[in-house]
>>> print(open('final-v2.pdb').read())   # PDB, C-alpha atoms
ATOM      1  CA  MET A   5       0.000   0.000   0.000
ATOM      2  CA  SER A   6       1.270   3.448  -0.876
ATOM      3  CA  SER A   7       2.385   5.965   1.741
ATOM      4  CA  TYR A   8       0.865   9.427   1.581
ATOM      5  CA  TYR A   9       1.695  12.924   2.749
ATOM      6  CA  GLU A  10      -0.636  14.674   5.163
ATOM      7  CA  PRO A  11      -3.928  15.275   3.290
ATOM      8  CA  LEU A  12      -5.203  18.646   2.157
ATOM      9  CA  THR A  13      -8.765  18.965   3.420
ATOM     10  CA  TYR A  14     -11.735  21.114   2.444
ATOM     11  CA  THR A  15     -15.254  21.343   3.907
ATOM     12  CA  VAL A  16     -18.092  22.152   1.502
ATOM     13  CA  SER A  17     -19.987  25.320   2.428
ATOM     14  CA  VAL A  18     -23.719  26.040   2.139
ATOM     15  CA  GLU A  19     -23.098  28.145  -0.965
ATOM     16  CA  GLU A  20     -21.296  25.215  -2.611
ATOM     17  CA  ASP A  21     -24.061  22.657  -2.027
ATOM     18  CA  GLY A  22     -24.645  20.772  -5.273
ATOM     19  CA  PHE A  23     -21.329  21.712  -6.895
ATOM     20  CA  TYR A  24     -19.425  19.051  -8.792
ATOM     21  CA  LEU A  25     -16.469  17.603  -6.900
ATOM     22  CA  LYS A  26     -14.264  18.569  -9.858
ATOM     23  CA  THR A  27     -15.342  22.213  -9.475
ATOM     24  CA  ILE A  28     -14.340  22.288  -5.804
ATOM     25  CA  LEU A  29     -10.985  20.658  -6.542
ATOM     26  CA  GLN A  30     -10.107  23.067  -9.334
ATOM     27  CA  ASN A  31     -11.791  26.337  -8.264
ATOM     28  CA  ARG A  32     -11.669  26.134  -4.473
ATOM     29  CA  MET A  33      -8.672  23.928  -3.677
ATOM     30  CA  TYR A  34      -6.829  25.123  -6.808
ATOM     31  CA  VAL A  35      -5.600  21.706  -7.855
ATOM     32  CA  SER A  36      -3.955  21.985 -11.278
ATOM     33  CA  ARG A  37      -5.138  19.868 -14.211
ATOM     34  CA  LYS A  38      -1.852  17.982 -14.243
ATOM     35  CA  LEU A  39      -2.049  17.114 -10.552
ATOM     36  CA  LEU A  40      -5.758  16.295 -10.827
ATOM     37  CA  SER A  41      -5.026  13.742 -13.565
ATOM     38  CA  ARG A  42      -2.390  12.199 -11.321
ATOM     39  CA  LEU A  43      -4.687  12.094  -8.279
ATOM     40  CA  LYS A  44      -7.424  10.333 -10.245
ATOM     41  CA  LEU A  45      -5.041   7.425 -10.807
ATOM     42  CA  THR A  46      -3.934   7.308  -7.158
ATOM     43  CA  GLU A  47      -5.714   4.795  -4.912
ATOM     44  CA  GLN A  48      -6.531   7.319  -2.167
ATOM     45  CA  GLY A  49      -5.789  10.472  -4.119
ATOM     46  CA  ILE A  50      -9.282  11.974  -3.856
ATOM     47  CA  LEU A  51     -11.601  11.066  -0.975
ATOM     48  CA  LEU A  52     -15.100  12.366  -0.229
ATOM     49  CA  ASN A  53     -16.134  11.752   3.381
ATOM     50  CA  GLY A  54     -13.434   9.096   3.593
ATOM     51  CA  GLN A  55     -14.464   7.255   0.439
ATOM     52  CA  ARG A  56     -12.930   7.278  -3.030
ATOM     53  CA  GLU A  57     -15.252   9.017  -5.502
ATOM     54  CA  TYR A  58     -15.399  10.091  -9.120
ATOM     55  CA  ILE A  59     -14.856  13.807  -9.613
ATOM     56  CA  SER A  60     -18.146  13.984 -11.525
ATOM     57  CA  VAL A  61     -20.269  13.489  -8.366
ATOM     58  CA  ARG A  62     -22.045  16.381  -6.684
ATOM     59  CA  VAL A  63     -21.088  17.433  -3.166
ATOM     60  CA  HIS A  64     -23.254  18.721  -0.339
ATOM     61  CA  THR A  65     -22.943  21.075   2.604
ATOM     62  CA  GLY A  66     -20.579  19.719   5.254
ATOM     63  CA  ASP A  67     -18.933  17.146   3.006
ATOM     64  CA  VAL A  68     -15.204  16.757   3.667
ATOM     65  CA  ILE A  69     -12.884  16.460   0.693
ATOM     66  CA  GLU A  70      -9.373  15.089   1.103
ATOM     67  CA  VAL A  71      -6.539  15.265  -1.410
ATOM     68  CA  ARG A  72      -3.681  12.826  -0.783
ATOM     69  CA  MET A  73      -0.397  12.731  -2.655
ATOM     70  CA  GLU A  74       1.913   9.731  -2.627
ATOM     71  CA  GLN A  75       5.263  10.171  -0.928
ATOM     72  CA  GLU A  76       8.244  10.627  -3.230
ATOM     73  CA  GLU A  77      12.014  10.379  -3.011
ATOM     74  CA  SER A  78      14.832  12.263  -4.710
ATOM     75  CA  GLU A  79      16.481   9.055  -5.874
ATOM     76  CA  ASP A  80      19.018  10.881  -8.051
ATOM     77  CA  ILE A  81      20.339  13.047  -5.199
ATOM     78  CA  LEU A  82      23.056  11.691  -2.915
ATOM     79  CA  PRO A  83      22.280  12.368   0.770
ATOM     80  CA  GLN A  84      25.111  14.331   2.379
ATOM     81  CA  GLU A  85      25.408  15.811   5.848
ATOM     82  CA  LEU A  86      25.801  19.568   5.419
ATOM     83  CA  PRO A  87      25.053  22.525   7.702
ATOM     84  CA  LEU A  88      21.566  23.947   7.138
ATOM     85  CA  ASP A  89      20.080  27.174   8.502
ATOM     86  CA  ILE A  90      16.377  26.342   8.718
ATOM     87  CA  LEU A  91      14.034  29.315   9.108
ATOM     88  CA  PHE A  92      10.732  27.404   9.024
ATOM     89  CA  GLU A  93       9.360  23.928   8.457
ATOM     90  CA  ASP A  94       5.972  22.239   8.475
ATOM     91  CA  GLU A  95       4.491  19.243   6.627
ATOM     92  CA  HIS A  96       4.235  21.299   3.430
ATOM     93  CA  LEU A  97       7.265  23.606   3.283
ATOM     94  CA  LEU A  98      10.901  23.985   4.226
ATOM     95  CA  ILE A  99      12.358  27.502   4.252
ATOM     96  CA  VAL A 100      16.138  27.833   4.547
ATOM     97  CA  ASN A 101      18.698  30.600   4.701
ATOM     98  CA  LYS A 102      20.999  29.423   1.912
ATOM     99  CA  ALA A 103      24.683  30.030   2.468
ATOM    100  CA  ALA A 104      26.733  31.934  -0.097
ATOM    101  CA  GLY A 105      28.739  29.624  -2.326
ATOM    102  CA  MET A 106      26.234  26.751  -2.143
ATOM    103  CA  ILE A 107      24.589  25.541  -5.363
ATOM    104  CA  VAL A 108      20.870  24.811  -4.977
ATOM    105  CA  HIS A 109      20.584  21.645  -7.089
ATOM    106  CA  PRO A 110      23.155  19.169  -8.439
ATOM    107  CA  THR A 111      24.326  19.939 -11.960
ATOM    108  CA  HIS A 112      26.859  18.453 -14.331
ATOM    109  CA  GLY A 113      30.160  18.508 -12.481
ATOM    110  CA  HIS A 114      28.520  19.406  -9.147
ATOM    111  CA  TYR A 115      26.902  16.272  -7.751
ATOM    112  CA  VAL A 116      27.663  16.907  -4.078
ATOM    113  CA  ASN A 117      27.900  19.812  -1.618
ATOM    114  CA  THR A 118      24.639  21.306  -2.914
ATOM    115  CA  LEU A 119      21.656  22.421  -0.886
ATOM    116  CA  ALA A 120      19.718  19.467  -2.283
ATOM    117  CA  ASN A 121      22.277  16.982  -0.921
ATOM    118  CA  GLY A 122      22.022  18.508   2.538
ATOM    119  CA  VAL A 123      18.225  18.723   2.582
ATOM    120  CA  VAL A 124      17.727  15.121   1.397
ATOM    121  CA  HIS A 125      20.087  13.914   4.146
ATOM    122  CA  TYR A 126      18.255  16.033   6.725
ATOM    123  CA  TRP A 127      14.902  14.519   5.735
ATOM    124  CA  GLN A 128      16.280  10.991   5.739
ATOM    125  CA  GLN A 129      17.599  11.479   9.282
ATOM    126  CA  GLN A 130      14.033  12.356  10.289
ATOM    127  CA  GLY A 131      12.690   9.261   8.572
ATOM    128  CA  LYS A 132      10.874  11.420   6.030
ATOM    129  CA  SER A 133      10.545  10.828   2.308
ATOM    130  CA  TYR A 134      10.218  13.916   0.121
ATOM    131  CA  ARG A 135      11.335  14.861  -3.330
ATOM    132  CA  PHE A 136      13.547  17.964  -3.395
ATOM    133  CA  ARG A 137      11.376  20.668  -5.013
ATOM    134  CA  PRO A 138      12.870  24.177  -4.828
ATOM    135  CA  ILE A 139      10.154  26.703  -5.640
ATOM    136  CA  HIS A 140      12.690  29.230  -6.895
ATOM    137  CA  ARG A 141      16.456  29.472  -7.276
ATOM    138  CA  LEU A 142      19.268  31.643  -6.000
ATOM    139  CA  ASP A 143      22.634  32.044  -7.737
ATOM    140  CA  GLN A 144      25.466  30.095  -6.165
ATOM    141  CA  GLU A 145      27.007  33.183  -4.585
ATOM    142  CA  THR A 146      23.694  34.714  -3.485
ATOM    143  CA  SER A 147      22.714  34.006   0.112
ATOM    144  CA  GLY A 148      19.340  34.187   1.833
ATOM    145  CA  THR A 149      15.761  32.924   1.964
ATOM    146  CA  LEU A 150      14.796  30.018  -0.264
ATOM    147  CA  ALA A 151      11.566  27.989  -0.268
ATOM    148  CA  ILE A 152      11.368  24.237  -0.856
ATOM    149  CA  ALA A 153       8.049  22.463  -1.412
ATOM    150  CA  LYS A 154       7.428  19.025   0.044
ATOM    151  CA  ASN A 155       4.819  17.999  -2.516
ATOM    152  CA  PRO A 156       3.779  18.939  -6.065
ATOM    153  CA  PHE A 157       0.639  20.810  -4.955
ATOM    154  CA  VAL A 158       2.584  23.255  -2.786
ATOM    155  CA  GLN A 159       5.185  23.768  -5.495
ATOM    156  CA  GLN A 160       2.506  24.506  -8.082
ATOM    157  CA  GLN A 161       0.563  26.833  -5.777
ATOM    158  CA  VAL A 162       3.512  29.038  -4.831
ATOM    159  CA  SER A 163       4.754  29.024  -8.428
ATOM    160  CA  GLU A 164       1.349  30.347  -9.527
ATOM    161  CA  GLN A 165       1.635  33.118  -6.933
ATOM    162  CA  MET A 166       5.037  34.008  -8.344
ATOM    163  CA  LYS A 167       3.629  34.222 -11.874
ATOM    164  CA  ALA A 168       0.870  36.516 -10.584
ATOM    165  CA  ASN A 169       3.448  38.722  -8.794
ATOM    166  CA  LEU A 170       1.960  37.848  -5.392
ATOM    167  CA  VAL A 171       5.194  36.608  -3.826
ATOM    168  CA  LYS A 172       7.252  39.199  -1.947
ATOM    169  CA  LYS A 173      10.960  38.777  -2.731
ATOM    170  CA  GLU A 174      13.203  41.359  -1.144
ATOM    171  CA  TYR A 175      16.980  41.628  -1.493
ATOM    172  CA  VAL A 176      19.811  43.817  -0.243
ATOM    173  CA  ALA A 177      22.942  44.494  -2.260
ATOM    174  CA  LEU A 178      26.139  46.515  -2.122
ATOM    175  CA  LEU A 179      26.862  48.386  -5.355
ATOM    176  CA  TYR A 180      29.986  50.045  -6.668
ATOM    177  CA  GLY A 181      29.683  53.821  -6.838
ATOM    178  CA  VAL A 182      27.372  56.275  -5.106
ATOM    179  CA  MET A 183      23.828  56.197  -6.487
ATOM    180  CA  GLU A 184      22.334  59.659  -6.847
ATOM    181  CA  GLN A 185      18.639  58.726  -6.875
ATOM    182  CA  ASP A 186      17.102  57.687  -3.566
ATOM    183  CA  GLU A 187      14.859  55.173  -5.302
ATOM    184  CA  GLY A 188      13.823  54.069  -8.748
ATOM    185  CA  THR A 189      12.669  51.320 -11.071
ATOM    186  CA  VAL A 190      14.571  49.534 -13.817
ATOM    187  CA  ASN A 191      12.205  48.312 -16.530
ATOM    188  CA  ALA A 192      14.552  46.741 -19.052
ATOM    189  CA  PRO A 193      14.128  43.403 -20.893
ATOM    190  CA  ILE A 194      16.747  40.707 -20.378
ATOM    191  CA  ASP A 195      17.976  37.832 -22.522
ATOM    192  CA  ARG A 196      21.094  35.748 -23.103
ATOM    193  CA  ASP A 197      24.098  37.285 -24.784
ATOM    194  CA  HIS A 198      24.278  35.289 -28.027
ATOM    195  CA  GLU A 199      28.063  35.533 -28.086
ATOM    196  CA  GLN A 200      28.404  34.529 -24.409
ATOM    197  CA  PRO A 201      25.338  32.412 -23.498
ATOM    198  CA  HIS A 202      26.238  32.222 -19.785
ATOM    199  CA  ILE A 203      25.807  36.009 -19.555
ATOM    200  CA  ARG A 204      22.523  37.929 -19.532
ATOM    201  CA  ILE A 205      22.198  41.380 -21.058
ATOM    202  CA  VAL A 206      19.630  44.137 -21.406
ATOM    203  CA  THR A 207      18.231  43.972 -24.938
ATOM    204  CA  GLU A 208      15.069  45.243 -26.609
ATOM    205  CA  SER A 209      14.304  41.727 -27.851
ATOM    206  CA  GLY A 210      14.563  40.226 -24.360
ATOM    207  CA  TYR A 211      11.982  39.085 -21.823
ATOM    208  CA  PRO A 212      10.247  41.691 -19.614
ATOM    209  CA  ALA A 213      12.149  42.387 -16.383
ATOM    210  CA  VAL A 214      11.315  44.913 -13.660
ATOM    211  CA  THR A 215      13.401  45.711 -10.575
ATOM    212  CA  HIS A 216      12.583  48.349  -7.932
ATOM    213  CA  TYR A 217      15.325  49.722  -5.698
ATOM    214  CA  LYS A 218      15.740  52.075  -2.759
ATOM    215  CA  VAL A 219      18.963  53.416  -1.299
ATOM    216  CA  GLU A 220      19.484  52.323   2.297
ATOM    217  CA  GLN A 221      22.904  53.827   2.958
ATOM    218  CA  ARG A 222      25.619  55.631   1.020
ATOM    219  CA  PHE A 223      29.268  55.031   1.805
ATOM    220  CA  GLU A 224      32.206  56.881   0.321
ATOM    221  CA  GLU A 225      32.334  54.776  -2.838
ATOM    222  CA  VAL A 226      29.696  52.091  -2.315
ATOM    223  CA  THR A 227      25.897  52.128  -1.973
ATOM    224  CA  LEU A 228      23.709  49.776   0.029
ATOM    225  CA  VAL A 229      20.331  49.251  -1.668
ATOM    226  CA  ARG A 230      17.165  47.289  -1.015
ATOM    227  CA  LEU A 231      15.516  45.711  -4.059
ATOM    228  CA  TRP A 232      12.131  44.214  -4.959
ATOM    229  CA  LEU A 233      11.468  42.085  -8.010
ATOM    230  CA  GLU A 234       8.359  41.984 -10.168
ATOM    231  CA  THR A 235       9.907  39.343 -12.401
ATOM    232  CA  GLY A 236      12.456  36.603 -11.824
ATOM    233  CA  ARG A 237      14.855  36.541 -14.750
ATOM    234  CA  THR A 238      18.221  34.837 -14.381
ATOM    235  CA  HIS A 239      20.799  37.268 -12.916
ATOM    236  CA  GLN A 240      18.125  40.004 -13.015
ATOM    237  CA  ILE A 241      19.430  42.176 -10.185
ATOM    238  CA  ARG A 242      23.028  41.796 -11.296
ATOM    239  CA  VAL A 243      22.180  42.698 -14.897
ATOM    240  CA  HIS A 244      19.922  45.630 -14.018
ATOM    241  CA  MET A 245      22.380  47.167 -11.583
ATOM    242  CA  GLN A 246      25.204  46.764 -14.108
ATOM    243  CA  HIS A 247      22.885  48.421 -16.643
ATOM    244  CA  LEU A 248      22.656  51.443 -14.319
ATOM    245  CA  GLY A 249      26.463  51.561 -14.124
ATOM    246  CA  HIS A 250      26.548  50.223 -10.557
ATOM    247  CA  PRO A 251      27.501  46.515 -10.651
ATOM    248  CA  LEU A 252      27.418  44.534  -7.429
ATOM    249  CA  VAL A 253      30.436  44.641  -5.174
ATOM    250  CA  GLY A 254      32.363  41.410  -5.676
ATOM    251  CA  ASP A 255      30.567  40.504  -8.910
ATOM    252  CA  LYS A 256      33.464  39.356 -11.056
ATOM    253  CA  LEU A 257      31.281  38.510 -14.056
ATOM    254  CA  TYR A 258      29.188  41.662 -14.462
ATOM    255  CA  LYS A 259      31.821  44.050 -13.129
ATOM    256  CA  ARG A 260      34.041  42.807 -15.941
ATOM    257  CA  GLN A 261      31.185  43.261 -18.387
ATOM    258  CA  GLN A 262      30.795  46.860 -17.209
ATOM    259  CA  ALA A 263      34.473  47.506 -17.837
ATOM    260  CA  GLU A 264      34.247  46.008 -21.329
ATOM    261  CA  LEU A 265      31.220  48.136 -22.155
ATOM    262  CA  ASN A 266      32.973  51.271 -20.968
ATOM    263  CA  GLU A 267      36.067  50.470 -23.012
ATOM    264  CA  GLN A 268      33.890  50.043 -26.110
ATOM    265  CA  THR A 269      32.122  53.333 -25.365
ATOM    266  CA  ALA A 270      35.453  55.118 -25.088
ATOM    267  CA  ALA A 271      36.670  53.596 -28.362
ATOM    268  CA  ASP A 272      33.518  54.682 -30.177
ATOM    269  CA  LEU A 273      33.818  58.226 -28.865
ATOM    270  CA  VAL A 274      37.408  58.658 -30.020
ATOM    271  CA  GLU A 275      36.194  58.996 -33.606
ATOM    272  CA  THR A 276      33.837  61.831 -32.662
ATOM    273  CA  ASP A 277      36.322  63.759 -30.537
ATOM    274  CA  LEU A 278      33.967  63.475 -27.578
ATOM    275  CA  LYS A 279      36.127  61.317 -25.360
ATOM    276  CA  ASP A 280      37.812  64.251 -23.624
ATOM    277  CA  SER A 281      34.467  65.864 -22.875
ATOM    278  CA  LEU A 282      33.368  62.972 -20.657
ATOM    279  CA  THR A 283      34.423  62.466 -17.080
ATOM    280  CA  GLY A 284      36.676  59.594 -16.201
ATOM    281  CA  ALA A 285      33.873  58.041 -14.151
ATOM    282  CA  ALA A 286      31.769  57.683 -17.280
ATOM    283  CA  LEU A 287      34.481  55.787 -19.137
ATOM    284  CA  ASP A 288      36.188  53.688 -16.505
ATOM    285  CA  GLU A 289      34.800  50.819 -14.507
ATOM    286  CA  PRO A 290      33.527  51.930 -11.076
ATOM    287  CA  SER A 291      36.576  53.314  -9.350
ATOM    288  CA  ILE A 292      37.646  52.287  -5.865
ATOM    289  CA  SER A 293      40.258  54.277  -4.007
ATOM    290  CA  ASP A 294      43.373  52.769  -2.441
ATOM    291  CA  LYS A 295      41.524  52.800   0.860
ATOM    292  CA  HIS A 296      38.778  50.487  -0.419
ATOM    293  CA  ALA A 297      40.828  48.486  -2.901
ATOM    294  CA  THR A 298      42.175  46.424  -0.008
ATOM    295  CA  LEU A 299      38.674  45.385   1.056
ATOM    296  CA  VAL A 300      37.801  41.931  -0.207
ATOM    297  CA  LEU A 301      34.429  40.230  -0.590
ATOM    298  CA  GLU A 302      34.803  36.714  -1.945
ATOM    299  CA  ARG A 303      31.414  36.723  -3.700
ATOM    300  CA  HIS A 304      28.941  39.209  -5.095
ATOM    301  CA  ALA A 305      27.190  41.178  -2.372
ATOM    302  CA  LEU A 306      23.592  40.047  -2.850
ATOM    303  CA  HIS A 307      21.379  38.630  -0.104
ATOM    304  CA  ALA A 308      17.726  37.520  -0.281
ATOM    305  CA  ILE A 309      16.674  39.091   2.989
ATOM    306  CA  LYS A 310      12.914  38.508   2.911
ATOM    307  CA  LEU A 311      10.404  36.134   1.344
ATOM    308  CA  GLY A 312       6.624  36.171   1.749
ATOM    309  CA  PHE A 313       3.607  34.436   0.192
ATOM    310  CA  ASN A 314       0.255  32.876   1.024
ATOM    311  CA  HIS A 315       0.646  29.422   2.547
ATOM    312  CA  PRO A 316      -0.938  26.974   0.062
ATOM    313  CA  ALA A 317      -2.544  24.874   2.814
ATOM    314  CA  THR A 318      -3.604  27.450   5.425
ATOM    315  CA  LYS A 319      -4.134  30.329   2.944
ATOM    316  CA  GLN A 320      -2.493  32.615   5.523
ATOM    317  CA  TRP A 321       0.262  35.101   4.642
ATOM    318  CA  ILE A 322       3.663  33.909   5.841
ATOM    319  CA  GLU A 323       6.904  35.880   5.732
ATOM    320  CA  PHE A 324      10.504  34.932   6.480
ATOM    321  CA  HIS A 325      13.569  37.058   7.190
ATOM    322  CA  ALA A 326      17.219  36.030   6.833
ATOM    323  CA  PRO A 327      19.613  38.385   8.651
ATOM    324  CA  LEU A 328      22.593  39.808   6.800
ATOM    325  CA  PRO A 329      25.422  37.270   6.634
ATOM    326  CA  PHE A 330      28.724  37.874   8.373
ATOM    327  CA  ASP A 331      30.754  38.591   5.224
ATOM    328  CA  ILE A 332      28.497  41.448   4.056
ATOM    329  CA  GLU A 333      28.204  42.904   7.546
ATOM    330  CA  SER A 334      31.989  42.734   7.953
ATOM    331  CA  TYR A 335      32.520  44.462   4.608
ATOM    332  CA  MET A 336      30.118  47.250   5.601
ATOM    333  CA  ALA A 337      31.892  47.664   8.941
ATOM    334  CA  GLN A 338      35.160  48.171   7.088
ATOM    335  CA  LEU A 339      33.513  50.749   4.840
ATOM    336  CA  GLN A 340      32.431  52.684   7.912
ATOM    337  CA  GLY A 341      35.818  52.333   9.584
TER     338      GLY A 341
END
>>> encode(input="final-v2.pdb", output="structure tokens")
Amino acid sequence: MSSYYEPLTYTVSVEEDGFYLKTILQNRMYVSRKLLSRLKLTEQGILLNGQREYISVRVHTGDVIEVRMEQEESEDILPQELPLDILFEDEHLLIVNKAAGMIVHPTHGHYVNTLANGVVHYWQQQGKSYRFRPIHRLDQETSGTLAIAKNPFVQQQVSEQMKANLVKKEYVALLYGVMEQDEGTVNAPIDRDHEQPHIRIVTESGYPAVTHYKVEQRFEEVTLVRLWLETGRTHQIRVHMQHLGHPLVGDKLYKRQQAELNEQTAADLVETDLKDSLTGAALDEPSISDKHATLVLERHALHAIKLGFNHPATKQWIEFHAPLPFDIESYMAQLQG
């Protein structure tokens, strides 16, 4: 007999008396068509008052509907004991504060030391069987809040909230240079660079991307900003901040791209005799004085500080906060010193 996760339950209201079971599942419990097809083939996938029923039956006031999903395993992920900073956990979700430098999911050449390896081991030690289902991703060097679903329904529900821009994703970042505007919005489409596919660029033919930012603190040559995303393109914050001329502190990839763009701009301007009319700051990569050149941050300074969404099971708003990691706080302390 199959093992199941904790059921999702729903009680039929007076207003819903006479509705089809299928209608309640899709329009009240928000079960996707794909999951519904799967549940129909599961022995105890859909129960009405404790009994298996066809989704074409009508329900009545007070009826209790249960949705049960079979337990899964991440058979392709090697369990590995790794330190985890768990912010929240229940039978539906696991929220962690991902460490900088940790890859979320195994990839070619990186089969161990990922967040997935650590989470699968953690669950196995508890005697639990879940498939590793990250609801969203963070770059390897980005630290902070990350949500992991314990079943396909939860993953689908939060993903739908993300598509509808209902998930609150808040970041903090340190940027090269002093930003003049206190706040603003970058609305600039992003796509792959065809010549360097691992890099994203702002291009008119790209996918819509919107980032809001607000200055939190200005240092002598660095700015601390808070950012909110309306979209979730790969490297979005890094690309948009580089587009503004303020790449992330420690971002070796997009800081180099900024320098290359500035060099090309300078070369183009030579032919029009305009080079001398521009300030050095406009042509050079963000400058750092001797005082700050000795400061080192081993990764780009981006941290997912807050994550919020409606819990798929309870329908209540939940929000999680990951404090600034030591390396970013230490870097800021040196800036103030």
>>> atom_distance(input="final-v2.pdb", atom1="CA of Ser334 (chain A)", atom2="CA of Val123 (chain A)")
28.2 Å
>>> residues_around(input="final-v2.pdb", residues="Leu179 (chain A)", least_positions_apart="2", cutoff="9 Å", atoms="only C-alpha atoms", output="list of chain:residue names")
A:Ala177, A:Gly181, A:Val182, A:Met183, A:Glu225, A:Val226, A:Thr227, A:Leu228, A:Val229, A:Met245, A:His250, A:Pro251, A:Leu252, A:Val253, A:Gly254, A:Ala305
>>> residues_near_point(input="final-v2.pdb", point="(26.5, 41.8, -9.8)", cutoff="10 Å", atoms="only C-alpha atoms", output="JSON, numbers by chain")
{"A": [146, 177, 178, 179, 180, 239, 240, 241, 242, 243, 244, 245, 246, 250, 251, 252, 253, 254, 255, 256, 257, 258, 259, 260, 261, 262, 303, 304, 305, 306]}
>>> closest_residue(input="final-v2.pdb", among="A:Ala308, A:Ala192, A:Val219, A:Val162", to="Asp143 (chain A)", atoms="all atoms listed in the file")
A:Ala308
>>> closest_residue(input="final-v2.pdb", among="A:Leu119, A:Leu328, A:Ala317, A:Leu51", to="Val63 (chain A)", atoms="only C-alpha atoms")
A:Leu51
>>> residues_around(input="final-v2.pdb", residues="Val171 (chain A)", least_positions_apart="4", cutoff="12 Å", atoms="only C-alpha atoms", output="PyMOL selection string")
chain A and resi 139-140+151+161-167+232-236+310-315+321-324
>>> residues_near_point(input="final-v2.pdb", point="(4.5, 40.2, -20.7)", cutoff="12 Å", atoms="only C-alpha atoms", output="number ranges by chain")
A: 167-168, 191, 193, 210-214, 234-235
>>> resolve_selection(input="final-v2.pdb", expression="the PyMOL selection byres ((chain A and resi 329) around 9)", output="PDB file with C-alpha atoms, in the frame of the given file")
ATOM      1  CA  ALA A 103      24.683  30.030   2.468  1.00  0.00           C
ATOM      2  CA  ALA A 104      26.733  31.934  -0.097  1.00  0.00           C
ATOM      3  CA  SER A 147      22.714  34.006   0.112  1.00  0.00           C
ATOM      4  CA  GLY A 148      19.340  34.187   1.833  1.00  0.00           C
ATOM      5  CA  HIS A 307      21.379  38.630  -0.104  1.00  0.00           C
ATOM      6  CA  ALA A 326      17.219  36.030   6.833  1.00  0.00           C
ATOM      7  CA  PRO A 327      19.613  38.385   8.651  1.00  0.00           C
ATOM      8  CA  LEU A 328      22.593  39.808   6.800  1.00  0.00           C
ATOM      9  CA  PHE A 330      28.724  37.874   8.373  1.00  0.00           C
ATOM     10  CA  ASP A 331      30.754  38.591   5.224  1.00  0.00           C
ATOM     11  CA  ILE A 332      28.497  41.448   4.056  1.00  0.00           C
ATOM     12  CA  GLU A 333      28.204  42.904   7.546  1.00  0.00           C
ATOM     13  CA  SER A 334      31.989  42.734   7.953  1.00  0.00           C
TER      14      SER A 334
END
>>> closest_residue(input="final-v2.pdb", among="A:Arg62, A:Lys38, A:Lys44, A:Lys154", to="Ser133 (chain A)", atoms="only C-alpha atoms")
A:Lys154
>>> atom_distance(input="final-v2.pdb", atom1="CA of His112 (chain A)", atom2="CA of Trp127 (chain A)")
23.7 Å
